[in-house]
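Below you'll find the structure, written out as C-alpha cells, and then a few comments.
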Amino acid sequence: MRILSVATLFCLLPACNTEEATPIEDNYPPPDPLEDEYRSCDVDNDCVIVSLGLCDHCNGGISVAVNEDAEQTVFDLYAEAEPDEEWGCTLMACSPLEAICDAGLCIEQNTEATP
C-alpha cells in the first residue's frame with residue numbers, strides 16, 4: 001500500500017504531467033503601427049525611441065516611437081527576447097532616429113530628414 005501511495009505522490013509532481021507546456025508567445029516584432037495607446041502625445045518631449053530588436057534599427061532590429069510613460073511597457077511586451085540559433089547583426093551605419101509628436105501620436109523620424 002505504501003508503494004502505491006508513494007507512486008501516486010510522484011505522479012502528482014509536474015514531472016508526471018504528460019501535457020506539453022504551452023510555449024510563451026513571442027510578440028516580436030510589434031504590430032505596425034503600434035497601438036495608439038502607447039503613442040499618444042501632446043508635444044515632442046512626450047516621445048522617446050525604444051529599441052526592441054537585438055540589433056539596432058540600422059541592422060535588422062526595430063525601433064519605435066512611444067510616449068515616455070509607455071516606454072517600459074512597450075519594451076516588456078515587444079522586445080526581442082532570444083536570437084535565432086544563427087544570429088548576428090550587420091554593421092551598417094545610418095542616421096539615428098528621433099521621436100516627435102505628429103497629430104497627437106509619437107512617430108519615428110530620421111534625424112537627417114528635412115521637415
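By convention in this document, the chains of the C-alpha cells carry letters A, B, ... by their order, each chain's residues are numbered from 1, and ligands are numbered from 1 in the order they are shown.
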Leaving out range 76-90 of chain A and any residue of its chain fewer than 5 positions from it, which residues lie within 8 Å of it when counting only C-alpha atoms, given as a ChimeraX atom specification? /A:26-30,51-55,59-60
Dump of C-alpha atoms for the selected residues, as an mmCIF file, in the first residue's frame:
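New file selection_20.cif:
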data_model
loop_
_atom_site.group_PDB
_atom_site.id
_atom_site.type_symbol
_atom_site.label_atom_id
_atom_site.label_comp_id
_atom_site.auth_asym_id
_atom_site.auth_seq_id
_atom_site.Cartn_x
_atom_site.Cartn_y
_atom_site.Cartn_z
ATOM 1 C CA ASP A 26 6.676 35.807 -28.917
ATOM 2 C CA ASN A 27 5.352 39.310 -29.553
ATOM 3 C CA TYR A 28 8.341 40.408 -31.617
ATOM 4 C CA PRO A 29 8.049 42.152 -33.973
ATOM 5 C CA PRO A 30 5.431 44.551 -32.650
ATOM 6 C CA SER A 51 14.847 49.777 -29.453
ATOM 7 C CA LEU A 52 13.110 46.408 -29.490
ATOM 8 C CA GLY A 53 15.434 44.252 -31.561
ATOM 9 C CA LEU A 54 18.681 42.605 -30.579
ATOM 10 C CA CYS A 55 20.216 44.659 -33.389
ATOM 11 C CA ASN A 59 20.955 46.464 -38.785
ATOM 12 C CA GLY A 60 17.764 44.468 -38.754
#
Contacts of range 102-107 of chain A at 9 Å (only C-alpha atoms; same-chain gap of 3+ positions) as a list in words: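 Answer for this query is Asp36, Tyr38, Arg39, Ser40, Cys41, Asp42, Val43, Asp44, Asp46, Cys47, Val48, Ile49, Val64, Ala65, Val66, Asn67, Glu98 and Ala99 of chain A.
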Could you work out how far CA of Gln72 in chain A lies from CA of Cys101 in chain A, giving the answer in Å with one decimal?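 So the two atoms, CA of Cys101 in chain A and CA of Gln72 in chain A, lie 18.7 Å apart.
For the set A:Gly61, A:Leu34, A:Asn45, A:Glu112, the residue with the smallest atom-to-atom gap to Leu91 in chain A is A:Gly61, counting only C-alpha atoms.
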Compare A:Glu37, A:Glu68, A:Glu108, A:Asp32 by their minimum atom-to-atom distance to Ser95 in chain A, counting only C-alpha atoms, and give me the closest one.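 Going through A:Glu37, A:Glu68, A:Glu108, A:Asp32 one by one, the smallest distance to Ser95 in chain A is for A:Glu108.
With only C-alpha atoms as the basis for measurement, A:Thr111 is the residue among A:Thr111, A:Ser63, A:Pro33, A:Asp69 that approaches Cys94 in chain A most closely.
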